[in-house]
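Peer 1: So I've got this file, protein_5.txt, and it contains compact mmCIF, C-alpha atoms:
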# COMPACT_ATOMS: atom_id res chain seq x y z
CA GLY J 4 97.49 100.86 63.46
CA LEU J 5 101.16 100.02 63.18
CA PRO J 6 102.13 96.60 61.87
CA GLU J 7 103.61 94.07 64.27
CA GLU J 8 107.25 93.27 63.66
CA ASP J 9 108.70 90.60 65.93
CA ASP J 10 112.25 91.24 67.10
CA VAL J 11 112.62 94.22 64.78
CA ASN J 12 113.60 97.63 66.04
CA VAL J 13 112.07 99.81 63.34
CA LEU J 14 113.85 102.96 64.45
CA THR J 15 117.30 101.47 63.90
CA ALA J 16 116.46 99.16 61.02
CA LYS J 17 116.61 100.07 57.35
CA GLN J 18 114.61 103.01 56.07
CA PRO J 19 110.88 102.06 55.88
CA ALA J 20 108.94 102.64 52.69
CA GLU J 21 107.35 106.08 52.28
CA ASP J 22 103.84 104.60 52.54
CA SER J 23 104.68 102.49 55.60
CA PRO J 24 102.88 103.34 58.87
CA TRP J 25 106.33 103.23 60.47
CA MET J 26 107.34 106.30 58.45
CA ASP J 27 105.26 108.56 60.73
CA VAL J 28 107.02 107.09 63.75
CA LEU J 29 110.42 107.70 62.20
CA ASN J 30 109.53 111.28 61.23
CA ASP J 31 108.31 112.01 64.77
CA LEU J 32 111.60 110.71 66.10
CA ARG J 33 113.66 112.80 63.71
CA ASN J 34 111.68 115.95 64.52
CA ALA J 35 112.09 115.36 68.25
CA GLU J 36 115.82 114.72 67.87
CA ALA J 37 116.25 117.95 65.91
CA THR J 38 114.24 119.95 68.46
CA PHE J 39 116.16 118.73 71.49
CA GLU J 40 119.52 119.05 69.75
CA GLN J 41 118.74 122.69 69.00
CA LEU J 42 117.67 123.27 72.61
CA ARG J 43 120.79 121.52 73.89
CA LYS J 44 122.99 123.97 72.02
CA GLN J 45 121.06 126.95 73.42
CA PHE J 46 121.70 125.76 76.96
CA GLN J 47 124.93 123.78 77.05
CA GLU J 48 126.83 125.86 74.49
CA ASN J 49 125.65 129.26 75.76
CA PRO J 50 128.20 130.98 78.06
CA ALA J 51 125.56 133.48 79.21
CA TRP J 52 123.32 130.66 80.47
CA GLN J 53 126.23 128.97 82.21
CA ALA J 54 127.08 132.25 83.94
CA ILE J 55 123.48 132.67 85.10
CA GLN J 56 123.39 129.16 86.54
CA ASP J 57 126.88 128.87 87.98
CA GLU J 58 127.52 132.39 89.22
CA LEU J 59 124.09 133.85 89.91
CA MET J 60 121.34 131.30 90.55
CA SER J 61 123.58 129.31 92.88
CA ARG J 62 123.67 132.22 95.36
CA PRO J 63 120.91 133.19 97.84
CA LEU J 64 118.63 135.89 96.45
CA SER J 65 119.30 137.98 99.55
CA SER J 66 122.90 138.42 98.40
CA TRP J 67 122.04 139.74 94.95
CA THR J 68 122.99 143.26 93.99
CA GLU J 69 121.15 145.50 91.56
CA ASP J 70 123.75 144.52 88.96
CA ASP J 71 122.83 140.87 89.49
CA TRP J 72 119.16 141.59 88.90
CA HIS J 73 120.08 143.56 85.78
CA GLN J 74 122.13 140.62 84.49
CA LEU J 75 119.18 138.27 84.96
CA ARG J 76 116.68 140.62 83.33
CA GLN J 77 119.00 141.15 80.38
CA TYR J 78 119.42 137.41 79.80
CA LEU J 79 115.66 136.82 80.03
CA SER J 80 114.86 139.68 77.67
CA GLU J 81 117.33 138.30 75.12
CA HIS J 82 115.82 134.81 75.34
CA GLU J 83 112.10 135.49 75.36
CA ALA J 84 111.57 133.00 72.53
CA LEU J 85 113.26 130.25 74.58
CA ILE J 86 111.08 131.06 77.61
CA ALA J 87 108.00 130.94 75.40
CA GLU J 88 109.11 127.53 74.13
CA ALA J 89 109.49 126.28 77.71
CA ARG J 90 105.96 127.48 78.53
CA ALA J 91 104.57 125.89 75.37
CA MET J 92 106.32 122.61 76.19
CA ALA J 93 104.78 122.74 79.68
CA ALA J 94 101.32 123.39 78.21
CA GLY J 95 101.52 120.36 75.93
CA THR J 96 100.37 116.84 76.67
CA GLY J 97 101.75 113.38 76.16
CA PRO J 98 105.37 112.21 76.00
CA LEU J 99 108.09 114.75 75.28
CA TYR J 100 110.18 112.27 73.30
CA PRO J 101 109.22 109.04 71.45
CA LEU J 102 111.02 106.47 73.57
CA ASP J 103 112.00 103.18 72.00
CA LEU J 104 111.97 100.96 75.08
CA SER J 105 112.90 97.91 72.99
CA LEU J 106 116.46 99.26 73.15
CA GLY J 107 116.54 98.53 76.88
CA TYR J 108 119.44 100.23 78.63
CA ASP J 109 120.48 101.75 75.30
CA VAL J 110 117.26 103.78 75.02
CA LEU J 111 117.89 107.36 73.88
CA LEU J 112 116.91 110.09 76.37
CA PRO J 113 118.12 113.39 74.88
CA HIS J 114 115.22 115.34 76.41
CA LEU J 115 115.90 114.80 80.12
CA ALA J 116 118.76 117.26 80.49
CA ILE J 117 116.82 119.79 78.41
CA VAL J 118 113.72 119.47 80.60
CA ARG J 119 115.80 120.25 83.69
CA SER J 120 117.32 123.27 81.96
CA MET J 121 113.86 124.43 80.90
CA THR J 122 112.73 124.16 84.52
CA ARG J 123 115.67 126.26 85.68
CA LEU J 124 114.82 128.81 83.00
CA LEU J 125 111.23 129.01 84.25
CA ARG J 126 112.58 129.37 87.79
CA ALA J 127 114.73 132.32 86.70
CA SER J 128 111.75 133.92 84.98
CA ALA J 129 109.53 133.42 88.04
CA ILE J 130 112.14 134.94 90.35
CA ALA J 131 112.58 138.00 88.12
CA GLN J 132 108.84 138.57 87.80
CA ALA J 133 108.23 138.23 91.54
CA HIS J 134 111.05 140.69 92.24
CA ASP J 135 109.41 143.18 89.89
CA GLY J 136 106.03 142.75 91.62
CA ASN J 137 104.38 140.53 89.02
CA ASN J 138 103.25 137.70 91.31
CA ALA J 139 100.71 136.44 88.76
CA GLY J 140 103.44 135.93 86.17
CA ALA J 141 105.70 134.28 88.75
CA ILE J 142 102.95 131.86 89.78
CA ALA J 143 102.23 131.05 86.12
CA ASP J 144 105.88 130.09 85.55
CA ILE J 145 105.97 128.04 88.77
CA MET J 146 102.96 126.05 87.63
CA ALA J 147 104.49 125.75 84.15
CA SER J 148 107.50 124.01 85.69
CA VAL J 149 105.14 121.69 87.59
CA HIS J 150 103.32 120.75 84.38
CA LEU J 151 106.60 120.34 82.52
CA GLY J 152 107.69 117.73 85.06
CA SER J 153 104.34 115.97 84.77
CA ARG J 154 105.06 115.22 81.12
CA LEU J 155 107.63 112.69 82.33
CA ASP J 156 104.98 110.71 84.20
CA GLU J 157 104.38 108.43 81.25
CA GLU J 158 108.02 107.34 81.05
CA PRO J 159 108.42 104.11 83.07
CA LEU J 160 112.14 104.63 83.66
CA ILE J 161 113.86 105.32 86.96
CA ILE J 162 116.07 108.01 85.44
CA SER J 163 112.99 109.84 84.09
CA GLN J 164 111.27 109.75 87.47
CA LEU J 165 114.44 110.96 89.20
CA VAL J 166 114.51 113.92 86.82
CA HIS J 167 110.85 114.55 87.70
CA THR J 168 111.84 114.48 91.37
CA ALA J 169 114.61 117.00 90.64
CA ILE J 170 112.09 119.25 88.87
CA ASP J 171 109.79 119.07 91.90
CA ASN J 172 112.72 120.09 94.12
CA ILE J 173 113.53 123.04 91.86
CA THR J 174 109.88 124.12 91.90
CA ARG J 175 109.61 123.92 95.69
CA GLY J 176 112.82 125.88 96.02
CA THR J 177 111.42 128.57 93.73
CA VAL J 178 108.28 128.91 95.87
CA ILE J 179 110.31 129.15 99.08
CA ASP J 180 112.80 131.64 97.59
CA ILE J 181 110.18 133.95 96.11
CA PHE J 182 107.63 134.18 98.89
CA PRO J 183 108.61 135.14 102.45
CA GLU J 184 107.62 132.87 105.32
CA GLY J 185 103.87 132.89 105.77
CA GLN J 186 103.18 134.72 102.50
CA ILE J 187 102.74 131.95 99.94
CA PRO J 188 99.54 132.86 98.04
CA PRO J 189 96.69 130.50 98.99
CA GLY J 190 95.75 130.14 95.34
CA LEU J 191 99.23 128.81 94.52
CA LEU J 192 99.07 126.37 97.43
CA ASP J 193 95.70 125.14 96.23
CA GLU J 194 97.01 124.58 92.69
CA LEU J 195 100.08 122.73 93.96
CA ALA J 196 97.99 120.67 96.37
CA ARG J 197 95.58 119.74 93.60
CA TYR J 198 98.40 118.61 91.34
CA TYR J 199 100.30 116.60 93.95
CA GLY J 200 97.08 115.13 95.28
CA GLN J 201 96.21 113.73 91.85
CA ARG J 202 99.67 112.33 91.17
CA ASP J 203 99.80 108.61 91.99
CA THR J 204 103.46 108.23 92.87
CA VAL J 205 103.07 104.63 94.08
CA ALA J 206 101.46 103.48 90.81
CA GLN J 207 104.22 105.22 88.84
CA LEU J 208 106.87 103.51 90.98
CA HIS J 209 105.30 100.11 90.37
CA GLU J 210 105.23 100.61 86.61
CA THR J 211 108.79 101.92 86.64
CA TRP J 212 110.01 99.05 88.80
CA GLN J 213 108.46 96.46 86.49
CA MET J 214 110.06 98.08 83.45
CA GLU J 215 113.49 98.31 85.09
CA GLY J 216 113.27 94.66 86.15
CA THR J 217 112.35 93.59 82.63
CA MET J 218 115.14 95.66 81.11
CA GLY J 219 117.66 94.16 83.52
CA LEU J 220 116.61 90.59 82.75
CA ASN J 221 116.71 91.29 79.00
CA TYR J 222 120.18 92.75 79.37
CA LEU J 223 121.36 89.66 81.24
CA ASP J 224 119.79 87.46 78.57
CA GLY J 225 121.74 89.37 75.93
CA ILE J 226 124.96 88.71 77.84
CA MET J 227 124.16 85.01 78.10
CA ASN J 228 122.93 84.41 74.57
CA GLY J 229 124.53 87.13 72.47
CA GLY J 230 127.92 85.49 72.13
CA TRP J 231 131.24 86.42 73.66
CA GLN J 232 131.68 89.65 71.71
CA GLN J 233 128.23 91.10 72.46
CA GLY J 234 128.38 89.96 76.08
CA ARG J 235 131.77 91.57 76.60
CA GLU J 236 130.66 94.84 74.98
CA ARG J 237 127.54 94.97 77.15
CA LEU J 238 129.52 94.51 80.35
CA GLU J 239 132.26 96.94 79.38
CA GLY J 240 129.70 99.59 78.42
CA LEU J 241 127.67 99.14 81.58
CA TRP J 242 130.54 99.58 84.02
CA PRO J 243 133.24 101.79 82.46
CA HIS J 244 136.27 102.99 84.31
CA SER J 245 136.16 106.37 86.04
CA ASP J 246 137.83 108.01 83.04
CA GLY J 247 135.04 106.82 80.74
CA THR J 248 137.06 104.08 79.04
CA PRO J 249 135.53 100.59 78.72
CA GLY J 250 135.65 98.30 81.73
CA ASP J 251 137.92 95.33 82.38
CA SER J 252 137.89 93.33 79.14
CA TRP J 253 139.21 90.09 80.63
CA SER J 254 136.57 90.04 83.36
CA ALA J 255 133.88 90.80 80.79
CA ILE J 256 135.10 88.03 78.48
CA LEU J 257 135.18 85.47 81.28
CA TYR J 258 131.76 86.34 82.66
CA SER J 259 130.07 86.42 79.24
CA SER J 260 131.55 83.13 78.06
CA PRO J 261 129.53 79.88 77.88
CA PHE J 262 131.75 78.47 80.62
CA ALA J 263 130.20 80.95 83.05
CA ARG J 264 126.62 79.88 82.25
CA PRO J 265 125.89 78.44 85.75
CA TRP J 266 126.92 81.73 87.38
CA GLN J 267 124.97 83.72 84.82
CA HIS J 268 121.82 81.77 85.66
CA GLN J 269 122.35 82.30 89.38
CA ASP J 270 122.95 86.00 88.74
CA MET J 271 119.67 86.25 86.83
CA LEU J 272 117.76 84.43 89.59
CA ALA J 273 119.26 86.68 92.27
CA TYR J 274 118.44 89.83 90.33
CA ASP J 275 114.85 88.72 89.67
CA ARG J 276 114.26 87.73 93.32
CA LEU J 277 115.71 90.89 94.83
CA MET J 278 113.95 93.21 92.38
CA ASN J 279 110.69 91.46 93.28
CA ASP J 280 111.46 91.78 97.01
CA PHE J 281 112.16 95.50 96.63
CA GLY J 282 108.96 95.89 94.62
CA GLN J 283 106.89 94.31 97.38
CA LEU J 284 107.77 97.26 99.63
CA LEU J 285 106.62 100.02 97.27
CA ASP J 286 103.04 100.13 98.57
CA GLN J 287 104.11 100.77 102.15
CA PRO J 288 105.24 104.07 103.71
CA TYR J 289 108.99 104.31 103.80
CA TYR J 290 109.19 104.73 107.58
CA GLU J 291 107.56 101.29 107.98
CA THR J 292 109.98 99.57 105.62
CA ARG J 293 113.36 101.10 106.45
CA GLU J 294 114.54 97.94 108.21
CA ALA J 295 113.33 95.79 105.31
CA TYR J 296 115.27 97.95 102.85
CA ALA J 297 118.36 97.70 105.02
CA ASP J 298 117.99 93.90 105.12
CA LEU J 299 117.72 93.74 101.32
CA GLU J 300 120.77 95.96 100.94
CA ALA J 301 122.66 93.61 103.24
CA GLN J 302 121.57 90.66 101.11
CA VAL J 303 122.91 92.38 98.00
CA GLY J 304 126.20 93.14 99.73
CA ALA J 305 126.54 89.52 100.85
CA LEU J 306 126.13 88.08 97.35
CA PRO J 307 129.17 86.19 96.02
CA PHE J 308 131.35 88.07 93.56
CA THR J 309 130.07 85.83 90.76
CA ARG J 310 126.70 87.68 90.90
CA VAL J 311 128.32 90.38 88.81
CA PHE J 312 125.22 92.06 87.37
CA THR J 313 123.13 92.00 90.55
CA ARG J 314 125.95 93.31 92.76
CA ASN J 315 126.52 96.23 90.39
CA MET J 316 122.92 97.19 89.66
CA LEU J 317 120.97 96.76 92.89
CA PRO J 318 122.92 98.78 95.49
CA SER J 319 121.56 101.97 93.93
CA MET J 320 117.91 100.84 94.10
CA ALA J 321 117.40 101.39 97.83
CA SER J 322 119.07 104.80 97.54
CA ILE J 323 116.65 105.72 94.76
CA LEU J 324 113.65 104.70 96.86
CA ARG J 325 114.99 106.72 99.81
CA LEU J 326 115.34 109.72 97.51
CA VAL J 327 111.73 109.38 96.32
CA ALA J 328 110.48 109.03 99.91
CA ARG J 329 112.47 112.08 101.00
CA ASP J 330 111.00 114.06 98.10
CA GLN J 331 107.49 113.11 99.18
CA ALA J 332 108.23 114.10 102.76
CA GLN J 333 109.63 117.48 101.71
CA GLN J 334 106.60 118.04 99.53
CA GLN J 335 104.27 117.42 102.48
CA LEU J 336 106.38 119.56 104.81
CA LEU J 337 105.95 122.48 102.42
CA PHE J 338 102.19 122.22 102.68
CA LEU J 339 102.24 121.58 106.41
CA GLY J 340 104.46 124.58 107.04
CA ALA J 341 102.32 126.83 104.88
CA ALA J 342 99.15 125.56 106.55
CA VAL J 343 100.28 126.17 110.12
CA GLU J 344 101.83 129.54 109.31
CA THR J 345 98.93 131.12 107.50
CA TYR J 346 95.41 130.59 106.34
CA ALA J 347 92.90 132.74 104.52
CA VAL J 348 89.64 133.87 106.10
CA GLY J 349 88.92 137.05 104.25
CA GLY J 350 92.42 138.41 104.90
CA ARG J 351 95.63 136.66 105.93
CA THR J 352 96.06 135.91 109.65
CA ARG J 353 98.15 133.57 111.77
CA LEU J 354 96.67 130.11 112.27
CA PRO J 355 95.42 129.52 115.85
CA ARG J 356 96.92 126.42 117.45
CA GLU J 357 93.51 124.88 118.15
CA ASN J 358 92.83 124.82 114.39
CA TRP J 359 96.10 123.15 113.34
CA ASP J 360 94.65 119.69 112.86
CA ALA J 361 91.63 120.72 110.78
CA GLU J 362 93.55 123.26 108.73
CA THR J 363 96.52 121.05 107.95
CA ARG J 364 94.25 118.21 106.86
CA THR J 365 92.38 120.44 104.43
CA ARG J 366 95.61 121.85 102.99
CA LEU J 367 97.59 118.64 102.71
CA PRO J 368 97.02 116.73 99.45
CA VAL J 369 97.34 113.28 101.12
CA LYS J 370 95.21 110.74 102.90
CA HIS J 371 97.71 109.35 105.41
CA ALA J 372 98.08 110.56 109.00
CA ARG J 373 101.88 110.23 109.03
CA PHE J 374 104.75 111.51 106.92
CA PRO J 375 105.92 108.81 104.47
CA HIS J 376 109.64 109.33 105.15
CA THR J 377 109.83 109.89 108.94
CA GLY J 378 106.63 108.28 110.24
CA LEU J 379 105.90 111.29 112.43
CA PRO J 380 102.23 112.20 112.98
CA ARG J 381 101.12 115.11 110.81
CA THR J 382 99.58 116.88 113.80
CA THR J 383 102.83 116.85 115.80
As structure tokens - that is how I would like this structure written.
Peer 2:
Amino acid sequence: GLPEEDDVNVLTAKQPAEDSPWMDVLNDLRNAEATFEQLRKQFQENPAWQAIQDELMSRPLSSWTEDDWHQLRQYLSEHEALIAEARAMAAGTGPLYPLDLSLGYDVLLPHLAIVRSMTRLLRASAIAQAHDGNNAGAIADIMASVHLGSRLDEEPLIISQLVHTAIDNITRGTVIDIFPEGQIPPGLLDELARYYGQRDTVAQLHETWQMEGTMGLNYLDGIMNGGWQQGRERLEGLWPHSDGTPGDSWSAILYSSPFARPWQHQDMLAYDRLMNDFGQLLDQPYYETREAYADLEAQVGALPFTRVFTRNMLPSMASILRLVARDQAQQQLLFLGAAVETYAVGGRTRLPRENWDAETRTRLPVKHARFPHTGLPRTT
């Protein structure tokens, strides 16, 4: 195994010896950095890809002309190797990038933007294949995007899970765009239901919440104990001006100085308490806790201005949890809508009203009788 090194960040320290176990870690990091930098250039520095995304994929498919379809096919045919790489990445297992969580808020995440671009590429491929009558190929690319998102499950960071949520939204949109109402293949629904049914979103949220809380407390500790210069740099970097320049230096100097130690302690206590209070609500359906979230948001808003860190970091937390709950609700609505519209008994027929309850419960990959976001009964 790897040696233990207290308070040493091996990936930013001096070059380890060639025979050190850390050398494999460093090589993995370098290979991953090179891979994602190459992919970044293929997406972000490619005018053809930008045109596909900004001018074509942003429009409803019903408005596309034959020239539009030709433009998409041409791009895909010229980038078959990139599509193959996206499929291979989706077929892999384990983390996509070797995260160094000891860096806290400074952790490097070069893969997240690439994963979203890969998902959009798979969406484009699925749309083109479905249009050309290759439903099997379209379904394969839809499921590839699902599996690509699942590779972020092991990253206990809110930003990673938000990207996963965005990938789920892209995937659902692809399914809805490709297949007319009532014509989603049952096999695809079963695969999606199996995946979402096995995904433990609540457990992932708990792990993520604990990591974010720890990172926040460590960041505050660095402000308090890292000296004026480090404390000021941390504050300026965390809350830059809208033009990207560092934040207010005088405010950062004052807050990070030893003279502000009593307020720093109170800030840390407030952050720890409120993060814990938010975390206590994660196990409950969102519709049952909306008032509790609103109360916590009000508590954050009522904090004195000296709780600098807590007032800046926590207002976004309730919004993030609302976003996750909305994503879960939309996911369940997709399955509910498909279940009540169609079902397979030999051929495809419309679902009789008297069978709604039984059919929806067999299709939906959940155990609860109500939607997590709205609280409405599933049989309504």
Peer 1: Tell me, as JSON, numbers by chain, which residues lie within 9 Å of stretch 46-62 of chain J, counting all atoms listed in the file; anything in the same chain fewer than 4 positions away does not count.
Peer 2: {"J": [42, 66, 67, 71, 74, 75, 78, 117, 120, 121, 123, 127]}
Peer 1: Pick out the residues sitting within 12 Å of J:Leu317, and hand them over as a ChimeraX atom specification; count only C-alpha atoms, and ignore anything fewer than 5 positions along from it in its own chain.
Peer 2: /J:212,215-216,219,270,273-281,296,299-304,306,310-312,322-324
Peer 1: Atom CA of J:Ile130 to atom CA of J:Ile181: how many Å, to one decimal?
Peer 2: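 Going from atom CA of J:Ile130 over to atom CA of J:Ile181 covers 6.2 Å.
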Peer 1: Emit as lines of an AutoDock Vina configuration file the padded axis-aligned box for all listed atoms of stretch 274-291 of chain J, 6 Å per side, with centre and edge lengths in Å to one decimal.
Peer 2:
center_x = 110.7
center_y = 96.2
center_z = 98.8
size_x = 27.4
size_y = 29.0
size_z = 30.3
Peer 1: In Å, rounded to a single decimal, give me how far atom CA of J:Leu195 is from atom CA of J:Ala169.
Peer 2: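 Result for atom CA of J:Ala169 versus atom CA of J:Leu195: 16.0 Å, one decimal.
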Peer 1: Using only C-alpha atoms, which residues sit within 7 Å of J:Pro98 once same-chain residues fewer than 3 positions away are excluded, as an MDAnalysis selection string?
Peer 2: chainID J and resid 101 154:155 157
Peer 1: Please check which residues have atoms at most 8 Å from (112.2, 126.7, 77.0) in the file's coordinates, counting all atoms listed in the file, and write them as a ChimeraX atom specification.
Peer 2: /J:42,84-92,120-122,124-125
Peer 1: Could you jot down the atom CA of J:Ile142 to atom CA of J:Glu40 separation for me, Å, one decimal place?
Peer 2: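 Computing the Euclidean distance for atom CA of J:Ile142 and atom CA of J:Glu40 yields 29.0 Å.
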Peer 1: Using only C-alpha atoms, pick whichever of J:Asn172, J:Ser163, J:Ser259, J:Thr292 has the shortest atom-to-atom distance to J:Leu337.
Peer 2: J:Asn172
Peer 1: Using only C-alpha atoms, collect all residues at a distance of at most 10 Å from (132.1, 82.6, 84.8) as written in the file, then present them as a list in words.
Peer 2: Ser254, Ala255, Ile256, Leu257, Tyr258, Ser259, Ser260, Pro261, Phe262, Ala263, Arg264, Pro265, Trp266, Gln267, Thr309, Arg310 and Val311 of chain J
Peer 1: For stretch 107-111 of chain J, list every protein, DNA or RNA residue within 9 Å, evaluated using only C-alpha atoms, and leave out those in the same chain fewer than 2 positions away; present the list as an NGL selection string.
Peer 2: :J and (102-105 or 113-114 or 215 or 217-219 or 221-222 or 241)
Peer 1: Smallest atom-to-atom distance to J:Tyr198: which of J:Asp224, J:Glu184, J:Asp171, J:Glu36, using all atoms listed in the file?
Peer 2: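 Comparing J:Asp224, J:Glu184, J:Asp171, J:Glu36 against J:Tyr198, the winner is J:Asp171.
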